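Trainee: Provided herewith: protein-v2.csv, CSV, C-alpha atoms and all ligand atoms.
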chain,number,residue,atom,x,y,z
A,38,MET,CA,0.0,0.0,0.0
A,39,ILE,CA,1.5,3.4,-0.9
A,40,ALA,CA,1.9,6.0,1.8
A,41,SER,CA,-0.9,8.3,0.5
A,42,ASP,CA,-3.4,5.4,0.5
A,43,LYS,CA,-2.6,4.8,4.2
A,44,THR,CA,-3.0,8.4,5.0
A,45,ASN,CA,-6.4,8.5,3.1
A,46,GLN,CA,-7.6,5.4,4.9
A,47,MET,CA,-6.6,6.8,8.3
A,48,LYS,CA,-8.4,10.1,7.4
A,49,GLU,CA,-11.6,8.1,6.6
A,50,ILE,CA,-11.4,6.5,10.0
A,51,LYS,CA,-10.9,9.9,11.6
A,52,ASP,CA,-13.9,11.5,9.7
A,53,GLU,CA,-16.1,8.5,10.6
A,54,ILE,CA,-15.2,8.8,14.3
A,55,LEU,CA,-15.7,12.6,14.3
A,56,ASN,CA,-19.3,12.1,13.2
A,57,LEU,CA,-20.0,9.0,15.3
A,58,THR,CA,-23.3,10.2,16.9
A,59,SER,CA,-24.2,6.5,17.6
A,60,SER,CA,-21.3,6.2,20.0
A,61,PRO,CA,-22.2,5.7,23.7
A,62,LEU,CA,-19.6,8.4,24.4
A,63,TYR,CA,-20.6,10.9,21.7
A,64,LYS,CA,-22.9,13.0,24.0
A,65,TYR,CA,-20.2,13.2,26.7
A,66,ARG,CA,-17.6,14.2,24.1
A,67,SER,CA,-19.8,17.0,22.7
A,68,GLU,CA,-21.1,18.3,26.0
A,69,ASN,CA,-17.5,18.8,27.2
A,70,ASN,CA,-16.0,20.0,23.9
A,71,PHE,CA,-13.7,17.0,23.9
A,72,LEU,CA,-12.0,15.6,20.8
A,73,PRO,CA,-11.9,11.9,19.8
A,74,VAL,CA,-8.3,10.5,19.9
A,75,ILE,CA,-7.7,8.5,16.8
A,76,GLY,CA,-4.0,7.8,17.1
A,77,GLU,CA,-0.7,9.2,15.9
A,78,GLY,CA,2.7,8.2,14.5
A,79,ASN,CA,4.2,6.4,11.6
A,80,HIS,CA,1.7,4.7,9.3
A,81,ASP,CA,4.5,2.3,8.3
A,82,ALA,CA,5.6,1.6,11.9
A,83,ASP,CA,6.9,-1.8,12.9
A,84,ILE,CA,5.6,-1.3,16.4
A,85,MET,CA,2.1,-0.3,17.3
A,86,PHE,CA,1.2,0.6,20.9
A,87,ILE,CA,-2.4,0.1,21.9
A,88,GLY,CA,-3.7,1.7,25.2
A,89,GLU,CA,-7.2,1.7,26.7
A,90,ALA,CA,-9.0,5.0,26.2
A,91,PRO,CA,-8.1,8.7,26.2
A,92,GLY,CA,-7.9,10.6,29.5
A,93,LYS,CA,-8.7,14.3,30.0
A,94,ASN,CA,-5.5,15.7,28.5
A,95,GLU,CA,-5.9,13.4,25.5
A,96,ALA,CA,-9.5,14.4,25.0
A,97,LEU,CA,-8.7,18.1,25.2
A,98,THR,CA,-5.9,17.8,22.6
A,99,GLY,CA,-6.9,14.9,20.4
A,100,ARG,CA,-3.5,13.3,21.0
A,101,PRO,CA,-2.9,9.8,22.6
A,102,PHE,CA,-0.8,9.5,25.8
A,103,CYS,CA,0.0,13.2,26.3
A,104,GLY,CA,-0.7,13.4,30.0
A,105,ALA,CA,0.9,11.7,33.0
A,106,SER,CA,0.8,8.2,31.3
A,107,GLY,CA,2.3,9.7,28.2
A,108,LYS,CA,5.3,11.0,30.1
A,109,VAL,CA,6.0,7.5,31.2
A,110,LEU,CA,5.5,6.2,27.7
A,111,ASP,CA,7.9,8.9,26.4
A,112,GLU,CA,10.5,7.8,29.0
A,113,LEU,CA,10.2,4.2,27.9
A,114,LEU,CA,10.6,5.0,24.3
A,115,GLU,CA,13.6,7.2,25.0
A,116,SER,CA,15.2,4.5,27.0
A,117,VAL,CA,15.5,2.3,23.9
A,118,ASN,CA,16.1,5.2,21.5
A,119,LEU,CA,12.7,5.1,19.9
A,120,LYS,CA,10.8,8.3,18.9
A,121,ARG,CA,7.1,8.7,18.8
A,122,ALA,CA,7.5,9.3,15.1
A,123,ASP,CA,9.0,5.8,14.7
A,124,VAL,CA,6.0,4.0,16.1
A,125,TYR,CA,2.2,4.3,16.0
A,126,ILE,CA,0.3,4.9,19.2
A,127,THR,CA,-3.5,4.5,19.6
A,128,ASN,CA,-6.2,3.2,22.0
A,129,ILE,CA,-9.0,0.7,21.7
A,130,VAL,CA,-11.7,3.2,22.7
A,131,LYS,CA,-11.3,6.5,20.8
A,132,ASP,CA,-13.4,8.7,23.1
A,133,ARG,CA,-12.8,9.6,26.8
A,134,PRO,CA,-15.0,7.6,29.2
A,135,PRO,CA,-16.5,9.9,31.9
A,136,GLY,CA,-14.4,10.5,35.0
A,137,ASN,CA,-11.5,8.3,33.8
A,138,ARG,CA,-13.4,5.1,34.5
A,139,ASP,CA,-12.4,1.8,32.8
A,140,PRO,CA,-13.9,1.3,29.4
A,141,LEU,CA,-17.1,-0.7,29.4
A,142,PRO,CA,-17.3,-4.0,27.4
A,143,GLU,CA,-19.9,-2.4,25.1
A,144,GLU,CA,-17.6,0.6,24.4
A,145,ILE,CA,-14.7,-1.7,23.6
A,146,LYS,CA,-17.0,-3.6,21.2
A,147,PHE,CA,-18.3,-0.4,19.6
A,148,TYR,CA,-14.8,1.0,18.8
A,149,ALA,CA,-13.0,-2.3,18.1
A,150,PRO,CA,-13.7,-2.2,14.3
A,151,PHE,CA,-11.8,1.1,14.0
A,152,LEU,CA,-8.8,-0.4,15.8
A,153,GLU,CA,-9.0,-3.5,13.6
A,154,ARG,CA,-8.9,-1.3,10.5
A,155,GLN,CA,-5.9,0.7,11.9
A,156,ILE,CA,-4.0,-2.6,12.5
A,157,ASP,CA,-4.8,-3.7,8.9
A,158,ILE,CA,-3.6,-0.3,7.5
A,159,ILE,CA,-0.3,-0.2,9.5
A,160,LYS,CA,0.4,-3.9,9.4
A,161,PRO,CA,2.8,-3.8,12.3
A,162,LYS,CA,5.3,-6.5,13.0
A,163,ILE,CA,4.8,-6.0,16.8
A,164,ILE,CA,1.8,-5.0,18.8
A,165,ALA,CA,2.7,-3.8,22.3
A,166,THR,CA,-0.5,-3.5,24.3
A,167,LEU,CA,-0.5,-1.1,27.3
A,168,GLY,CA,-2.7,-2.5,30.1
A,169,ARG,CA,-5.0,-5.5,30.5
A,170,PHE,CA,-7.9,-4.2,28.4
A,171,SER,CA,-6.0,-4.0,25.1
A,172,MET,CA,-4.1,-7.2,25.9
A,173,THR,CA,-7.4,-9.1,26.5
A,174,PHE,CA,-8.9,-7.6,23.4
A,175,ILE,CA,-6.0,-8.6,21.1
A,176,LEU,CA,-5.7,-12.1,22.6
A,177,GLU,CA,-9.4,-12.7,22.1
A,178,ARG,CA,-9.6,-11.1,18.6
A,179,TYR,CA,-6.8,-13.2,17.2
A,180,GLY,CA,-8.0,-16.4,19.0
A,181,CYS,CA,-4.8,-16.8,21.1
A,182,SER,CA,-4.5,-19.8,23.4
A,183,GLU,CA,-3.2,-17.4,26.1
A,184,GLN,CA,-6.6,-15.8,26.5
A,185,ASN,CA,-7.0,-16.9,30.1
A,186,LYS,CA,-3.6,-15.7,31.3
A,187,THR,CA,-3.2,-12.5,33.4
A,188,ILE,CA,-1.1,-9.5,32.5
A,189,GLY,CA,1.1,-10.5,35.5
A,190,GLU,CA,1.9,-13.8,33.7
A,191,LEU,CA,2.1,-12.4,30.1
A,192,HIS,CA,3.8,-9.0,30.4
A,193,GLY,CA,7.1,-9.0,28.4
A,194,GLN,CA,6.3,-12.4,26.8
A,195,GLN,CA,6.1,-12.8,23.1
A,196,VAL,CA,2.8,-14.2,21.9
A,197,ARG,CA,2.5,-15.1,18.2
A,198,ILE,CA,-0.7,-13.9,16.6
A,199,SER,CA,-2.0,-14.8,13.2
A,200,THR,CA,-3.5,-11.9,11.2
A,201,ASN,CA,-4.8,-11.7,7.7
A,202,PHE,CA,-1.4,-10.0,6.7
A,203,GLY,CA,0.7,-12.7,8.3
A,204,ASP,CA,2.1,-13.8,11.7
A,205,ILE,CA,3.1,-11.0,14.0
A,206,ILE,CA,4.1,-10.7,17.7
A,207,LEU,CA,2.1,-9.4,20.6
A,208,ILE,CA,4.0,-8.2,23.6
A,209,PRO,CA,1.7,-7.3,26.5
A,210,LEU,CA,3.0,-4.4,28.7
A,211,TYR,CA,1.7,-3.0,31.9
A,212,HIS,CA,-0.2,0.2,31.6
A,213,PRO,CA,2.1,3.2,32.1
A,214,ALA,CA,-0.5,4.8,34.5
A,215,ALA,CA,-0.2,1.7,36.8
A,216,SER,CA,3.6,2.3,37.1
A,217,ILE,CA,3.4,5.9,38.3
A,218,TYR,CA,3.0,4.8,41.9
A,219,ASN,CA,4.4,1.3,41.7
A,220,ARG,CA,8.2,1.0,41.3
A,221,HIS,CA,8.0,-2.7,40.5
A,222,LEU,CA,5.7,-2.2,37.6
A,223,LYS,CA,7.9,0.6,36.3
A,224,GLU,CA,10.9,-1.7,36.5
A,225,SER,CA,9.0,-4.3,34.6
A,226,LEU,CA,8.0,-1.8,31.9
A,227,MET,CA,11.7,-0.7,31.6
A,228,THR,CA,12.7,-4.3,31.1
A,229,ASP,CA,9.8,-5.2,28.8
A,230,ILE,CA,10.3,-2.3,26.4
A,231,LYS,CA,13.9,-3.6,25.7
A,232,ILE,CA,12.3,-6.8,24.5
A,233,VAL,CA,10.0,-4.9,22.2
A,234,LYS,CA,13.1,-3.0,20.8
A,235,THR,CA,15.2,-6.1,20.3
A,236,LEU,CA,12.5,-7.6,18.1
A,237,THR,CA,12.8,-4.7,15.6
A,238,THR,CA,16.5,-4.9,15.1
A,301,LIG,N1,-4.4,6.1,28.9
A,301,LIG,C1,-4.6,5.4,27.8
A,301,LIG,O1,-4.9,4.2,27.9
A,301,LIG,N2,-4.6,6.0,26.7
A,301,LIG,C2,-4.2,7.3,26.5
A,301,LIG,O2,-4.2,7.8,25.4
A,301,LIG,C3,-4.0,8.0,27.8
A,301,LIG,C4,-4.0,7.4,28.9
Take the structure in the file and give it back as structure tokens.
Mentor:
Amino acid sequence: MIASDKTNQMKEIKDEILNLTSSPLYKYRSENNFLPVIGEGNHDADIMFIGEAPGKNEALTGRPFCGASGKVLDELLESVNLKRADVYITNIVKDRPPGNRDPLPEEIKFYAPFLERQIDIIKPKIIATLGRFSMTFILERYGCSEQNKTIGELHGQQVRISTNFGDIILIPLYHPAASIYNRHLKESLMTDIKIVKTLTT
């Protein structure tokens, strides 16, 4: 796929989400003048990071991971010499759930087709999920046998997933927000990101 095709397809996704009046989160978005957060980065990236849902900073700016969690993600990327422009960063749910609550199963189901289209456009070699919601979603979506394992068991592990564009690797990571007040999780993230990086070289 040539670069402009990818850009056009991403633009179509953005336009659809902007006008998504059927979303359970659309009313909350418009009442608060929030923006949907589609994703950002390199459309030809080898690595795709998938978080949960935008927080307040993200919904105010339309950019993924630009608040406190984003600072941790930036630190992780920097520690292995990756730039945001090298990777693609998105979430399963594209609109902010009220009060930073966890995304609901119906919200995940509602927004999943957009994420699936983004994965098909980018065709990453590695998907690094951030947190248990995106990990569970990817494991179930691609029918992985690891579906019943916890993030404590699977973080930093390489899970082979079969997509319609070939086999790729899932590496579940803890959510950066969880590591802000937990030194052990932060250490795990710092170790696990190195594994992500080694797979690209
Ligand atoms: N947490 C997420 O899961 N995604 C963001 O974009 C920000 C915080």
Trainee: Step by step, measure atom-to-atom distances between ligand LIG 301 (chain A) and each residue using only C-alpha atoms and all ligand atoms, keep those at most 8 Å, then write them as JSON, numbers by chain.
Mentor: {"A": [74, 87, 88, 89, 90, 91, 92, 94, 95, 100, 101, 102, 103, 104, 105, 106, 107, 127, 128, 167, 168, 212, 213, 214]}
Trainee: Taking only C-alpha atoms into account, name the residue in A:Asp81, A:Pro161, A:Arg154, A:Cys181 that is nearest to A:Met38.
Mentor: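 Closest candidate: A:Asp81.
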Trainee: By how many Å are atom CA of A:Leu97 and atom CA of A:Phe71 apart?
Mentor: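 Interatomic distance, atom CA of A:Leu97 to atom CA of A:Phe71: 5.3 Å.
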Trainee: Between atom CA of A:Lys43 and atom CA of A:Ser59, what is the distance, to one decimal in Å?
Mentor: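 Computing the Euclidean distance for atom CA of A:Lys43 and atom CA of A:Ser59 yields 25.5 Å.
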Trainee: For each of A:Lys234, A:Lys186, A:Lys162, A:Arg220, take the minimum atom-to-atom distance to A:Ile205, counting only C-alpha atoms, then give the residue where this is smallest.
Mentor: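 Selected residue with least distance to A:Ile205: A:Lys162.
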Trainee: Once you count all atoms listed in the file, which residues end up no further than 6 Å from (9.3, -10.0, 27.9) in the file's frame, shown as a PyMOL selection string?
Mentor: chain A and resi 193-194+229+232
Trainee: Grab the residues selected above and save them as an mmCIF file, in the coordinates of the input with C-alpha atoms.
Mentor:
data_model
loop_
_atom_site.group_PDB
_atom_site.id
_atom_site.type_symbol
_atom_site.label_atom_id
_atom_site.label_comp_id
_atom_site.auth_asym_id
_atom_site.auth_seq_id
_atom_site.Cartn_x
_atom_site.Cartn_y
_atom_site.Cartn_z
ATOM 1 C CA GLY A 193 7.100 -9.000 28.400
ATOM 2 C CA GLN A 194 6.300 -12.400 26.800
ATOM 3 C CA ASP A 229 9.800 -5.200 28.800
ATOM 4 C CA ILE A 232 12.300 -6.800 24.500
#
Trainee: Determine the nearest neighbour of A:Ser225 from the options A:Ile206, A:Ile198, A:Ile54, A:Leu191, counting all atoms listed in the file.
Mentor: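 Of A:Ile206, A:Ile198, A:Ile54, A:Leu191, the one nearest A:Ser225 is A:Leu191, counting all atoms listed in the file.
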Trainee: Identify which of the residues A:Val109, A:Leu62, A:Thr237, A:Pro142 lies closest to A:Tyr218, counting all atoms listed in the file when measuring atom-to-atom distances.
Mentor: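 The shortest atom-to-atom distance to A:Tyr218 comes from A:Val109.
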Trainee: Do you have the atom CA of A:Gly76-atom CA of A:Glu153 distance handy?
Mentor: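 Separation of atom CA of A:Gly76 and atom CA of A:Glu153: 12.8 Å.
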Trainee: Smallest atom-to-atom distance to A:Glu144: which of A:Ile129, A:Ile156, A:Ile217, A:Leu113, using all atoms listed in the file?
Mentor: A:Ile129
Trainee: Between A:Arg133, A:Asn201, A:Leu57, A:Ile208, which is the closest to A:Thr173 once you count all atoms listed in the file?
Mentor: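 Of all the options, A:Ile208 lies closest to A:Thr173.
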Trainee: Might you pull out every residue within 12 Å of A:Tyr63, with all atoms listed in the file counted and same-chain residues fewer than 3 positions away left off, and present them as a CSV table (one decimal) with C-alpha atoms, in the frame of the given file?
Mentor:
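The file below, around_28.csv, is the result:
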chain,number,residue,atom,x,y,z
A,54,ILE,CA,-15.2,8.8,14.3
A,55,LEU,CA,-15.7,12.6,14.3
A,56,ASN,CA,-19.3,12.1,13.2
A,57,LEU,CA,-20.0,9.0,15.3
A,58,THR,CA,-23.3,10.2,16.9
A,59,SER,CA,-24.2,6.5,17.6
A,60,SER,CA,-21.3,6.2,20.0
A,66,ARG,CA,-17.6,14.2,24.1
A,67,SER,CA,-19.8,17.0,22.7
A,68,GLU,CA,-21.1,18.3,26.0
A,69,ASN,CA,-17.5,18.8,27.2
A,70,ASN,CA,-16.0,20.0,23.9
A,71,PHE,CA,-13.7,17.0,23.9
A,72,LEU,CA,-12.0,15.6,20.8
A,73,PRO,CA,-11.9,11.9,19.8
A,130,VAL,CA,-11.7,3.2,22.7
A,131,LYS,CA,-11.3,6.5,20.8
A,132,ASP,CA,-13.4,8.7,23.1
A,133,ARG,CA,-12.8,9.6,26.8
A,134,PRO,CA,-15.0,7.6,29.2
A,135,PRO,CA,-16.5,9.9,31.9
A,144,GLU,CA,-17.6,0.6,24.4
A,147,PHE,CA,-18.3,-0.4,19.6
A,148,TYR,CA,-14.8,1.0,18.8
Trainee: (-6.9, -8.4, 17.7) in this file's frame - what residues fall within 9 Å of it? Use all atoms listed in the file and give the answer as an MDAnalysis selection string.
Mentor: chainID A and resid 149 152:153 156 171:180 198 200
Trainee: May I have the residues within 12 Å of A:Arg121 as a PyMOL selection string, using only C-alpha atoms and disregarding those fewer than 2 positions away in the same chain?
Mentor: chain A and resi 76-80+82+84-86+100-103+107-108+110-115+117-119+123-127
